[in-house]
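Asker: Following this message is one structure expressed as structure tokens.
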There are 2 protein chains.
Amino acid sequence: MDELAARVRAGDRRAVARAITWVENGHPEKDALLKRLYPHTGRAVRVGITGAPGAGKSSLVDRLVGHLRRQGLTVAVVAVDPTSPFTGGALLGDRVRMQAHATDPGVFIRSMGTRGHLGGLSRSTQDAVRVLDAAGFDVVLVETVGVGQSEVDVMHVVDTTVVVLTPGGGDVVQAFKAGIMEIADVFVVNKADRPGAEKVKAQVEAMLDLVAHDTPWRPPVVKTSASRGEGLDDLWQAIADHRAYLEQSGEGRRQRAERLRRDVLALAVARLERRLAACLEEPPFADLLAKVQAGAVDPYAAAEALIDGLLRDPDVHPRCHARVEEEV
Amino acid sequence: MDELAARVRAGDRRAVARAITWVENGHPEKDALLKRLYPHTGRAVRVGITGAPGAGKSSLVDRLVGHLRRQGLTVAVVAVDPTSPFTGGALLGDRVRMQAHATDPGVFIRSMGTRGHLGGLSRSTQDAVRVLDAAGFDVVLVETVGVGQSEVDVMHVVDTTVVVLTPGGGDVVQAFKAGIMEIADVFVVNKADRPGAEKVKAQVEAMLDLVAHDTPWRPPVVKTSASRGEGLDDLWQAIADHRAYLEQSGEGRRQRAERLRRDVLALAVARLERRLAACLEEPPFADLLAKVQAGAVDPYAAAEALIDGLLRDPDVHPRCHARVEEEV
């Protein structure tokens, strides 16, 4: 583990890949590794890129990677793909495009699906970003599909979130309804070479006019054409402007503090959840669960009993606890 | 609380509305109320209806409500709307259509946004469905936008999940990528009066052919036109078929048992999370958190310390515990 941490810090690609696999699979020494890497994080520029399926996020990320490489910056991409276990990952074809960068040592690309991920995809993403940050990448891009709650959670790990819209990609009002407003720091109207791009931009601006902002930052709306490689300078400038705003306003510091509070809480909750799940497989809680399933006990009472069992008398249920100690 | 429970069980609409508000706002007596109502749940047919924004779910639900009412069934609708706090609910206009049923005592409609919801939207939805079940509604429809992880969580509360697609509503392959396969028990191709409906149906069937099923149930694909009121018989029949399958195969029983296991675990985790969040606001954990925020302690170590503090010595941190007891 010490050796792996040292190799990650040296930027060894195979070590980075293995560390992320540890993160994904919940390797027993995962937390020890992350603890070791943690002091070396905090330097990477962390940018999230999200939007509906078909908005051209992958192409845009591909182009942005090329743009950043031409400026001499190293780039890691975490592509969070919510492909269901049902489809077996057969639809990951669009990742193939990224192979343009496959031989570039300054680029690291990793797809993360929904499989595995003890503790959830946002946990794994958070930890993978830390691994990449510790490995010394200048920029870490987190690409994710959609704008649901899970994407919002994923976006808590980045400093700047870019929401990608397109002409003909669906009603802007509908997109706003889907909850993208609270996570967007920068809007991109991609496929800006198509008709209607200016209209989409105007619609977003109008929506932004309509709502009250609780911070002085108003998300800029940038037009890009990933297929033509246009608008990348403007996009990167908007991201840099947001970054400058975060630092100058103190908002970045506030967000980092809140993110760490959430993180400590989430880590503690995830561990307790594993303990409780293990408890439910052992007497006396397995019997209690069976009673709930038979309709003899309600789940609210069972949850109380489970907590009391865990908190009040850790020694009364040694098998349950022993089991968990092993696992954790 | 006893009186409220009795009035909910009698189907009193104002009591039902108040009980759901308790659920949403985390009222101190919420759990006591739900415990009281729980023995009277389990009779309602619980159906989830989900799909991308713009698929016409609200219209379809509206029509389905009318269809069920003509059969003499009472219906409750929980419309889970992920409208962000940012937009302030101003975009809820499509709910207005449902006012056709506003004066019908056999119909109850409730929108739930993302505001509030101590413990999360899926928790609130679960509890709201239980309230409506206990109030004696024959059918409870849960309508939700999108197919992200949060919608998957919401759908754990229903027996049958209907996924709504449309011609021109985006590539079916993209929809499958977004993870809808594992939650769909029935597919609807809505707006079937438009060109391309048969093609969408064929695409879904082809996707279903491609993948291996882990149960003998193959989701049927039903065409509807909410605007013309067509296909509702077929849709309700598909839902009834799925329900019959669940009962005859034992799959329904297995799913209910697993749902209750998740529920006990989620309830216990939510309570512990509240305790831990409160702990982080009090010494000594507030100081520990400040050290994490200053970079002196890593979040992994802080999470361990937090758990140890809670589990090992509940009496060492009486203020933290006392605070929580009050709240819970």
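Ordering of the structure tokens sets the chain letters (A, B, ...); residue numbers start at 1 within each chain; ligands are numbered from 1 in the order shown.
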Determine, counting only C-alpha atoms, which protein, DNA and RNA residues have an atom within 10 Å of an atom of Arg194 in chain B; residues of the same chain fewer than 4 positions away are not included. Present the result as number ranges by chain.
Answerer: B: 166-168, 190, 198, 225
Asker: After a least-squares superposition on chain B over all sequentially paired C-alpha atoms, what is chain A as an mmCIF file with C-alpha atoms, in the first residue's frame?
Answerer:
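What landed in result_15.cif:
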```cif
data_model
loop_
_atom_site.group_PDB
_atom_site.id
_atom_site.type_symbol
_atom_site.label_atom_id
_atom_site.label_comp_id
_atom_site.auth_asym_id
_atom_site.auth_seq_id
_atom_site.Cartn_x
_atom_site.Cartn_y
_atom_site.Cartn_z
ATOM 1 C CA MET A 1 -51.469 12.465 16.682
ATOM 2 C CA ASP A 2 -53.876 9.622 17.545
ATOM 3 C CA GLU A 3 -56.720 11.705 16.183
ATOM 4 C CA LEU A 4 -54.798 12.515 13.021
ATOM 5 C CA ALA A 5 -54.048 8.825 12.461
ATOM 6 C CA ALA A 6 -57.707 7.945 12.942
ATOM 7 C CA ARG A 7 -58.790 10.648 10.488
ATOM 8 C CA VAL A 8 -56.218 9.514 7.907
ATOM 9 C CA ARG A 9 -57.523 5.957 8.201
ATOM 10 C CA ALA A 10 -61.059 7.264 7.671
ATOM 11 C CA GLY A 11 -59.851 8.829 4.425
ATOM 12 C CA ASP A 12 -60.290 12.447 5.585
ATOM 13 C CA ARG A 13 -58.605 14.483 2.850
ATOM 14 C CA ARG A 14 -57.430 17.316 5.064
ATOM 15 C CA ALA A 15 -55.938 14.824 7.504
ATOM 16 C CA VAL A 16 -54.171 13.031 4.649
ATOM 17 C CA ALA A 17 -52.769 16.341 3.377
ATOM 18 C CA ARG A 18 -51.547 17.268 6.854
ATOM 19 C CA ALA A 19 -49.979 13.844 7.409
ATOM 20 C CA ILE A 20 -48.011 14.210 4.165
ATOM 21 C CA THR A 21 -46.881 17.674 5.238
ATOM 22 C CA TRP A 22 -45.637 16.109 8.493
ATOM 23 C CA VAL A 23 -43.736 13.573 6.424
ATOM 24 C CA GLU A 24 -42.210 16.273 4.225
ATOM 25 C CA ASN A 25 -41.222 18.609 7.022
ATOM 26 C CA GLY A 26 -39.919 15.960 9.393
ATOM 27 C CA HIS A 27 -42.526 16.727 12.073
ATOM 28 C CA PRO A 28 -41.381 15.474 15.503
ATOM 29 C CA GLU A 29 -44.332 13.069 15.700
ATOM 30 C CA LYS A 30 -43.968 11.903 12.104
ATOM 31 C CA ASP A 31 -42.519 8.511 12.956
ATOM 32 C CA ALA A 32 -45.087 7.903 15.661
ATOM 33 C CA LEU A 33 -47.811 8.656 13.115
ATOM 34 C CA LEU A 34 -46.286 6.355 10.502
ATOM 35 C CA LYS A 35 -45.935 3.572 13.064
ATOM 36 C CA ARG A 36 -49.607 3.949 13.851
ATOM 37 C CA LEU A 37 -50.605 3.846 10.186
ATOM 38 C CA TYR A 38 -48.222 1.081 9.146
ATOM 39 C CA PRO A 39 -50.423 -1.902 10.124
ATOM 40 C CA HIS A 40 -53.117 -0.529 7.819
ATOM 41 C CA THR A 41 -50.933 -0.408 4.722
ATOM 42 C CA GLY A 42 -50.296 -2.987 2.022
ATOM 43 C CA ARG A 43 -53.635 -2.947 0.252
ATOM 44 C CA ALA A 44 -53.143 -0.255 -2.398
ATOM 45 C CA VAL A 45 -51.915 -1.029 -5.896
ATOM 46 C CA ARG A 46 -48.711 1.014 -6.146
ATOM 47 C CA VAL A 47 -47.650 2.074 -9.612
ATOM 48 C CA GLY A 48 -44.742 4.321 -10.568
ATOM 49 C CA ILE A 49 -44.700 6.312 -13.793
ATOM 50 C CA THR A 50 -41.416 7.808 -14.934
ATOM 51 C CA GLY A 51 -39.745 9.122 -18.067
ATOM 52 C CA ALA A 52 -37.861 12.090 -19.450
ATOM 53 C CA PRO A 53 -39.254 15.628 -19.164
ATOM 54 C CA GLY A 54 -41.737 16.243 -21.970
ATOM 55 C CA ALA A 55 -42.769 12.591 -22.409
ATOM 56 C CA GLY A 56 -46.327 13.494 -21.456
ATOM 57 C CA LYS A 57 -46.359 11.686 -18.112
ATOM 58 C CA SER A 58 -48.695 14.184 -16.469
ATOM 59 C CA SER A 59 -51.259 13.904 -19.275
ATOM 60 C CA LEU A 60 -51.006 10.141 -19.193
ATOM 61 C CA VAL A 61 -51.503 10.081 -15.417
ATOM 62 C CA ASP A 62 -54.448 12.453 -15.822
ATOM 63 C CA ARG A 63 -56.074 10.097 -18.327
ATOM 64 C CA LEU A 64 -55.253 7.019 -16.294
ATOM 65 C CA VAL A 65 -56.899 8.586 -13.245
ATOM 66 C CA GLY A 66 -60.064 9.148 -15.299
ATOM 67 C CA HIS A 67 -59.901 5.571 -16.589
ATOM 68 C CA LEU A 68 -59.592 4.140 -13.078
ATOM 69 C CA ARG A 69 -62.360 6.366 -11.727
ATOM 70 C CA ARG A 70 -64.728 5.023 -14.389
ATOM 71 C CA GLN A 71 -64.008 1.560 -12.951
ATOM 72 C CA GLY A 72 -65.017 2.819 -9.509
ATOM 73 C CA LEU A 73 -61.475 2.801 -8.112
ATOM 74 C CA THR A 74 -60.195 5.607 -5.871
ATOM 75 C CA VAL A 75 -56.825 7.030 -6.869
ATOM 76 C CA ALA A 76 -54.062 9.023 -5.180
ATOM 77 C CA VAL A 77 -51.270 10.643 -7.181
ATOM 78 C CA VAL A 78 -47.896 11.627 -5.738
ATOM 79 C CA ALA A 79 -46.160 13.797 -8.330
ATOM 80 C CA VAL A 80 -42.504 13.910 -7.369
ATOM 81 C CA ASP A 81 -41.155 17.044 -8.969
ATOM 82 C CA PRO A 82 -37.420 17.629 -8.827
ATOM 83 C CA THR A 83 -37.838 21.356 -9.548
ATOM 84 C CA SER A 84 -34.870 22.977 -7.921
ATOM 85 C CA PRO A 85 -35.175 25.435 -5.052
ATOM 86 C CA PHE A 86 -33.612 27.908 -7.476
ATOM 87 C CA THR A 87 -36.658 28.026 -9.752
ATOM 88 C CA GLY A 88 -38.981 28.337 -6.784
ATOM 89 C CA GLY A 89 -41.663 26.035 -8.104
ATOM 90 C CA ALA A 90 -42.825 28.599 -10.688
ATOM 91 C CA LEU A 91 -42.717 25.911 -13.367
ATOM 92 C CA LEU A 92 -45.318 23.639 -11.843
ATOM 93 C CA GLY A 93 -47.919 24.814 -14.363
ATOM 94 C CA ASP A 94 -48.559 21.380 -15.784
ATOM 95 C CA ARG A 95 -50.125 20.306 -12.518
ATOM 96 C CA VAL A 96 -52.949 22.683 -13.331
ATOM 97 C CA ARG A 97 -54.323 20.212 -15.842
ATOM 98 C CA MET A 98 -55.014 17.800 -13.049
ATOM 99 C CA GLN A 99 -57.598 20.225 -11.728
ATOM 100 C CA ALA A 100 -60.113 18.288 -13.855
ATOM 101 C CA HIS A 101 -60.147 15.924 -10.876
ATOM 102 C CA ALA A 102 -59.958 18.599 -8.192
ATOM 103 C CA THR A 103 -63.595 18.295 -7.191
ATOM 104 C CA ASP A 104 -63.662 14.477 -7.286
ATOM 105 C CA PRO A 105 -63.565 13.089 -3.722
ATOM 106 C CA GLY A 106 -62.208 9.791 -5.071
ATOM 107 C CA VAL A 107 -59.017 11.469 -6.288
ATOM 108 C CA PHE A 108 -56.191 12.912 -4.198
ATOM 109 C CA ILE A 109 -53.261 14.693 -5.845
ATOM 110 C CA ARG A 110 -50.093 15.851 -4.150
ATOM 111 C CA SER A 111 -46.943 17.366 -5.636
ATOM 112 C CA MET A 112 -43.692 16.882 -3.771
ATOM 113 C CA GLY A 113 -40.698 19.070 -4.645
ATOM 114 C CA THR A 114 -37.136 18.818 -3.453
ATOM 115 C CA ARG A 115 -37.493 21.379 -0.679
ATOM 116 C CA GLY A 116 -37.278 20.199 2.878
ATOM 117 C CA HIS A 117 -37.363 16.407 2.955
ATOM 118 C CA LEU A 118 -35.129 15.703 5.881
ATOM 119 C CA GLY A 119 -33.816 12.300 4.922
ATOM 120 C CA GLY A 120 -34.332 12.709 1.204
ATOM 121 C CA LEU A 121 -37.074 12.727 -1.354
ATOM 122 C CA SER A 122 -37.309 8.957 -1.676
ATOM 123 C CA ARG A 123 -37.851 8.673 2.070
ATOM 124 C CA SER A 124 -40.660 11.254 1.928
ATOM 125 C CA THR A 125 -42.201 9.555 -1.083
ATOM 126 C CA GLN A 126 -42.112 6.177 0.631
ATOM 127 C CA ASP A 127 -43.828 7.615 3.697
ATOM 128 C CA ALA A 128 -46.400 9.601 1.674
ATOM 129 C CA VAL A 129 -47.342 6.435 -0.214
ATOM 130 C CA ARG A 130 -47.850 4.674 3.122
ATOM 131 C CA VAL A 131 -50.121 7.491 4.326
ATOM 132 C CA LEU A 132 -52.209 7.205 1.135
ATOM 133 C CA ASP A 133 -52.283 3.423 1.368
ATOM 134 C CA ALA A 134 -53.483 3.613 4.975
ATOM 135 C CA ALA A 135 -56.105 6.177 3.907
ATOM 136 C CA GLY A 136 -57.672 3.461 1.771
ATOM 137 C CA PHE A 137 -56.958 4.577 -1.801
ATOM 138 C CA ASP A 138 -57.266 1.632 -4.179
ATOM 139 C CA VAL A 139 -54.464 2.840 -6.432
ATOM 140 C CA VAL A 140 -51.476 5.056 -5.606
ATOM 141 C CA LEU A 141 -49.666 6.464 -8.649
ATOM 142 C CA VAL A 142 -46.168 7.871 -8.137
ATOM 143 C CA GLU A 143 -45.174 10.112 -11.024
ATOM 144 C CA THR A 144 -41.564 11.246 -11.291
ATOM 145 C CA VAL A 145 -39.427 12.993 -13.874
ATOM 146 C CA GLY A 146 -36.273 11.420 -15.236
ATOM 147 C CA VAL A 147 -34.459 8.152 -14.835
ATOM 148 C CA GLY A 148 -31.491 9.032 -12.614
ATOM 149 C CA GLN A 149 -30.509 7.288 -9.404
ATOM 150 C CA SER A 150 -32.928 9.364 -7.348
ATOM 151 C CA GLU A 151 -35.816 8.205 -9.540
ATOM 152 C CA VAL A 152 -34.645 4.629 -9.180
ATOM 153 C CA ASP A 153 -34.727 5.128 -5.416
ATOM 154 C CA VAL A 154 -38.192 6.651 -5.594
ATOM 155 C CA MET A 155 -39.359 3.660 -7.614
ATOM 156 C CA HIS A 156 -38.367 1.245 -4.858
ATOM 157 C CA VAL A 157 -41.660 2.167 -3.167
ATOM 158 C CA VAL A 158 -43.896 0.873 -5.957
ATOM 159 C CA ASP A 159 -44.756 -2.629 -7.150
ATOM 160 C CA THR A 160 -44.871 -1.835 -10.857
ATOM 161 C CA THR A 161 -42.826 0.807 -12.667
ATOM 162 C CA VAL A 162 -43.999 2.186 -15.992
ATOM 163 C CA VAL A 163 -41.381 3.933 -18.139
ATOM 164 C CA VAL A 164 -42.817 6.392 -20.657
ATOM 165 C CA LEU A 165 -41.053 6.969 -23.986
ATOM 166 C CA THR A 166 -42.174 8.980 -27.015
ATOM 167 C CA PRO A 167 -41.471 9.151 -30.738
ATOM 168 C CA GLY A 168 -38.929 11.922 -31.147
ATOM 169 C CA GLY A 169 -38.279 11.942 -27.414
ATOM 170 C CA GLY A 170 -34.640 11.076 -27.953
ATOM 171 C CA ASP A 171 -32.761 7.995 -28.973
ATOM 172 C CA VAL A 172 -34.003 4.810 -27.300
ATOM 173 C CA VAL A 173 -30.403 3.655 -27.003
ATOM 174 C CA GLN A 174 -29.595 6.835 -25.079
ATOM 175 C CA ALA A 175 -32.605 6.231 -22.826
ATOM 176 C CA PHE A 176 -31.360 2.712 -22.145
ATOM 177 C CA LYS A 177 -27.924 4.137 -21.412
ATOM 178 C CA ALA A 178 -29.498 6.381 -18.804
ATOM 179 C CA GLY A 179 -30.331 3.270 -16.781
ATOM 180 C CA ILE A 180 -34.051 2.770 -17.274
ATOM 181 C CA MET A 181 -33.872 -0.935 -18.029
ATOM 182 C CA GLU A 182 -33.492 -2.189 -14.544
ATOM 183 C CA ILE A 183 -36.520 -0.322 -13.273
ATOM 184 C CA ALA A 184 -39.019 -0.808 -16.137
ATOM 185 C CA ASP A 185 -41.750 -3.410 -15.619
ATOM 186 C CA VAL A 186 -43.883 -1.933 -18.392
ATOM 187 C CA PHE A 187 -42.866 0.337 -21.281
ATOM 188 C CA VAL A 188 -45.263 2.881 -22.702
ATOM 189 C CA VAL A 189 -44.760 4.553 -26.061
ATOM 190 C CA ASN A 190 -46.882 7.642 -25.500
ATOM 191 C CA LYS A 191 -47.923 10.113 -28.227
ATOM 192 C CA ALA A 192 -48.508 7.007 -30.345
ATOM 193 C CA ASP A 193 -50.563 9.091 -32.757
ATOM 194 C CA ARG A 194 -47.322 10.697 -33.919
ATOM 195 C CA PRO A 195 -45.089 9.266 -36.648
ATOM 196 C CA GLY A 196 -42.392 6.918 -35.420
ATOM 197 C CA ALA A 197 -44.292 5.282 -32.544
ATOM 198 C CA GLU A 198 -44.046 1.828 -34.086
ATOM 199 C CA LYS A 199 -40.336 2.364 -34.667
ATOM 200 C CA VAL A 200 -39.751 3.259 -31.007
ATOM 201 C CA LYS A 201 -41.717 0.160 -29.954
ATOM 202 C CA ALA A 202 -39.585 -1.980 -32.281
ATOM 203 C CA GLN A 203 -36.397 -0.426 -30.881
ATOM 204 C CA VAL A 204 -37.422 -1.195 -27.316
ATOM 205 C CA GLU A 205 -38.329 -4.758 -28.267
ATOM 206 C CA ALA A 206 -34.958 -5.115 -29.972
ATOM 207 C CA MET A 207 -33.165 -3.829 -26.848
ATOM 208 C CA LEU A 208 -35.157 -6.292 -24.752
ATOM 209 C CA ASP A 209 -34.107 -9.098 -27.110
ATOM 210 C CA LEU A 210 -30.465 -8.087 -26.729
ATOM 211 C CA VAL A 211 -30.237 -8.367 -22.982
ATOM 212 C CA ALA A 212 -30.516 -11.334 -20.694
ATOM 213 C CA HIS A 213 -33.347 -11.188 -18.205
ATOM 214 C CA ASP A 214 -32.771 -12.379 -14.693
ATOM 215 C CA THR A 215 -36.509 -12.929 -14.175
ATOM 216 C CA PRO A 216 -39.116 -14.589 -16.402
ATOM 217 C CA TRP A 217 -40.976 -11.260 -16.724
ATOM 218 C CA ARG A 218 -40.376 -9.489 -20.020
ATOM 219 C CA PRO A 219 -41.655 -5.905 -19.892
ATOM 220 C CA PRO A 220 -44.495 -5.449 -22.394
ATOM 221 C CA VAL A 221 -44.420 -2.372 -24.644
ATOM 222 C CA VAL A 222 -47.784 -0.597 -24.765
ATOM 223 C CA LYS A 223 -48.714 2.249 -27.117
ATOM 224 C CA THR A 224 -50.836 5.077 -25.724
ATOM 225 C CA SER A 225 -52.034 8.487 -26.801
ATOM 226 C CA ALA A 226 -52.777 10.528 -23.714
ATOM 227 C CA SER A 227 -54.110 13.397 -25.813
ATOM 228 C CA ARG A 228 -56.675 11.083 -27.480
ATOM 229 C CA GLY A 229 -57.231 8.916 -24.416
ATOM 230 C CA GLU A 230 -56.162 5.788 -26.319
ATOM 231 C CA GLY A 231 -54.354 2.721 -25.018
ATOM 232 C CA LEU A 232 -55.410 3.084 -21.380
ATOM 233 C CA ASP A 233 -57.089 -0.321 -21.267
ATOM 234 C CA ASP A 234 -53.919 -1.934 -22.608
ATOM 235 C CA LEU A 235 -51.786 -0.026 -20.104
ATOM 236 C CA TRP A 236 -53.907 -0.992 -17.119
ATOM 237 C CA GLN A 237 -54.009 -4.594 -18.338
ATOM 238 C CA ALA A 238 -50.191 -4.655 -18.572
ATOM 239 C CA ILE A 239 -49.979 -3.337 -14.998
ATOM 240 C CA ALA A 240 -52.494 -5.982 -13.854
ATOM 241 C CA ASP A 241 -50.522 -8.702 -15.676
ATOM 242 C CA HIS A 242 -47.340 -7.602 -13.910
ATOM 243 C CA ARG A 243 -49.135 -7.626 -10.589
ATOM 244 C CA ALA A 244 -50.402 -11.146 -11.248
ATOM 245 C CA TYR A 245 -46.897 -12.238 -12.207
ATOM 246 C CA LEU A 246 -45.496 -10.794 -8.957
ATOM 247 C CA GLU A 247 -48.002 -12.724 -6.869
ATOM 248 C CA GLN A 248 -47.861 -16.024 -8.729
ATOM 249 C CA SER A 249 -44.093 -16.207 -9.071
ATOM 250 C CA GLY A 250 -43.308 -15.278 -5.488
ATOM 251 C CA GLU A 251 -41.279 -12.383 -6.879
ATOM 252 C CA GLY A 252 -43.651 -9.879 -5.248
ATOM 253 C CA ARG A 253 -43.054 -11.447 -1.865
ATOM 254 C CA ARG A 254 -39.302 -11.471 -2.416
ATOM 255 C CA GLN A 255 -39.359 -7.815 -3.479
ATOM 256 C CA ARG A 256 -41.437 -6.772 -0.488
ATOM 257 C CA ALA A 257 -39.053 -8.555 1.888
ATOM 258 C CA GLU A 258 -36.048 -6.852 0.290
ATOM 259 C CA ARG A 259 -37.845 -3.509 0.316
ATOM 260 C CA LEU A 260 -38.503 -3.856 4.039
ATOM 261 C CA ARG A 261 -34.868 -4.764 4.667
ATOM 262 C CA ARG A 262 -33.782 -1.645 2.814
ATOM 263 C CA ASP A 263 -36.369 0.370 4.657
ATOM 264 C CA VAL A 264 -35.256 -0.698 8.125
ATOM 265 C CA LEU A 265 -31.661 -0.020 7.139
ATOM 266 C CA ALA A 266 -32.477 3.373 5.582
ATOM 267 C CA LEU A 267 -34.506 4.467 8.611
ATOM 268 C CA ALA A 268 -31.699 3.498 10.973
ATOM 269 C CA VAL A 269 -29.060 5.156 8.800
ATOM 270 C CA ALA A 270 -31.104 8.373 8.511
ATOM 271 C CA ARG A 271 -31.405 8.591 12.294
ATOM 272 C CA LEU A 272 -27.726 7.944 12.818
ATOM 273 C CA GLU A 273 -26.893 10.542 10.172
ATOM 274 C CA ARG A 274 -28.908 13.151 12.078
ATOM 275 C CA ARG A 275 -27.039 12.240 15.248
ATOM 276 C CA LEU A 276 -23.670 12.438 13.548
ATOM 277 C CA ALA A 277 -24.490 15.773 11.878
ATOM 278 C CA ALA A 278 -25.446 17.157 15.297
ATOM 279 C CA CYS A 279 -22.240 15.755 16.810
ATOM 280 C CA LEU A 280 -20.217 17.671 14.222
ATOM 281 C CA GLU A 281 -21.659 20.933 15.563
ATOM 282 C CA GLU A 282 -20.579 20.276 19.146
ATOM 283 C CA PRO A 283 -17.217 19.853 20.856
ATOM 284 C CA PRO A 284 -15.105 17.853 20.532
ATOM 285 C CA PHE A 285 -16.195 17.015 16.989
ATOM 286 C CA ALA A 286 -16.656 20.604 15.843
ATOM 287 C CA ASP A 287 -12.971 21.162 16.638
ATOM 288 C CA LEU A 288 -12.052 17.993 14.804
ATOM 289 C CA LEU A 289 -13.986 19.185 11.762
ATOM 290 C CA ALA A 290 -12.199 22.543 11.924
ATOM 291 C CA LYS A 291 -8.899 20.660 11.842
ATOM 292 C CA VAL A 292 -10.025 18.760 8.766
ATOM 293 C CA GLN A 293 -11.002 22.036 7.124
ATOM 294 C CA ALA A 294 -7.607 23.495 8.007
ATOM 295 C CA GLY A 295 -5.892 20.492 6.427
ATOM 296 C CA ALA A 296 -4.425 19.187 9.695
ATOM 297 C CA VAL A 297 -6.531 15.996 9.836
ATOM 298 C CA ASP A 298 -7.755 13.900 6.927
ATOM 299 C CA PRO A 299 -11.502 13.216 6.584
ATOM 300 C CA TYR A 300 -11.011 9.443 6.826
ATOM 301 C CA ALA A 301 -9.440 9.729 10.265
ATOM 302 C CA ALA A 302 -12.103 12.220 11.340
ATOM 303 C CA ALA A 303 -14.903 9.870 10.271
ATOM 304 C CA GLU A 304 -13.343 7.068 12.305
ATOM 305 C CA ALA A 305 -13.040 9.300 15.342
ATOM 306 C CA LEU A 306 -16.638 10.404 14.936
ATOM 307 C CA ILE A 307 -17.916 6.816 14.860
ATOM 308 C CA ASP A 308 -15.746 5.791 17.775
ATOM 309 C CA GLY A 309 -17.031 8.752 19.737
ATOM 310 C CA LEU A 310 -20.610 7.819 19.046
ATOM 311 C CA LEU A 311 -20.313 4.063 19.505
ATOM 312 C CA ARG A 312 -17.746 3.583 22.180
ATOM 313 C CA ASP A 313 -18.579 6.258 24.697
ATOM 314 C CA PRO A 314 -22.075 7.595 24.301
ATOM 315 C CA ASP A 315 -21.774 9.116 27.773
ATOM 316 C CA VAL A 316 -18.568 11.004 27.062
ATOM 317 C CA HIS A 317 -20.379 13.433 24.789
ATOM 318 C CA PRO A 318 -23.593 14.114 26.645
ATOM 319 C CA ARG A 319 -24.208 17.515 25.027
ATOM 320 C CA CYS A 320 -23.994 16.054 21.588
ATOM 321 C CA HIS A 321 -26.292 13.197 22.502
ATOM 322 C CA ALA A 322 -28.677 15.355 24.511
ATOM 323 C CA ARG A 323 -29.056 17.643 21.550
ATOM 324 C CA VAL A 324 -29.948 14.771 19.329
ATOM 325 C CA GLU A 325 -32.413 13.218 21.741
ATOM 326 C CA GLU A 326 -34.332 16.489 21.701
ATOM 327 C CA GLU A 327 -34.416 16.616 17.960
ATOM 328 C CA VAL A 328 -35.333 12.987 17.386
#
```
Asker: Going by DSSP on the backbone, which residues of range 133-316 of chain A come out as alpha helix (DSSP H)? List them as an NGL selection string.
Answerer: :A and (133-134 or 149-155 or 172-177 or 197-210 or 232-249 or 251-279 or 285-293 or 299-312)
Asker: Select from range 134-324 of chain A everything DSSP, run on the backbone, classes as strand (DSSP E or B), then give the selection as a list of chain:residue names.
Answerer: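 Reading the DSSP output for range 134-324 of chain A, strand (DSSP E or B) covers A:Val139, A:Val140, A:Leu141, A:Val142, A:Glu143, A:Thr144, A:Val145, A:Thr160, A:Thr161, A:Val162, A:Val163, A:Val164, A:Leu165, A:Val186, A:Phe187, A:Val188, A:Val189, A:Val221, A:Val222, A:Lys223, A:Ser225, A:Glu230.
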Asker: Restricting it to C-alpha atoms, dump the selection as a compact mmCIF listing (two decimals), in the first residue's frame.
Answerer:
```txt
# COMPACT_ATOMS: atom_id res chain seq x y z
CA VAL A 139 -6.88 19.46 -14.48
CA VAL A 140 -9.39 16.76 -13.52
CA LEU A 141 -12.54 16.69 -15.65
CA VAL A 142 -15.55 14.78 -14.32
CA GLU A 143 -18.01 14.01 -17.09
CA THR A 144 -21.44 12.68 -16.17
CA VAL A 145 -24.71 12.06 -17.97
CA THR A 160 -16.83 24.40 -11.30
CA THR A 161 -19.77 22.65 -12.97
CA VAL A 162 -20.42 23.11 -16.67
CA VAL A 163 -23.91 22.24 -17.91
CA VAL A 164 -24.09 21.41 -21.62
CA LEU A 165 -27.24 22.21 -23.61
CA VAL A 186 -21.15 27.82 -16.53
CA PHE A 187 -23.64 27.03 -19.32
CA VAL A 188 -22.47 25.74 -22.67
CA VAL A 189 -24.65 25.75 -25.76
CA VAL A 221 -23.50 31.15 -21.33
CA VAL A 222 -20.80 30.07 -23.78
CA LYS A 223 -21.39 28.76 -27.31
CA SER A 225 -19.03 23.55 -31.47
CA GLU A 230 -14.87 26.22 -31.74
```
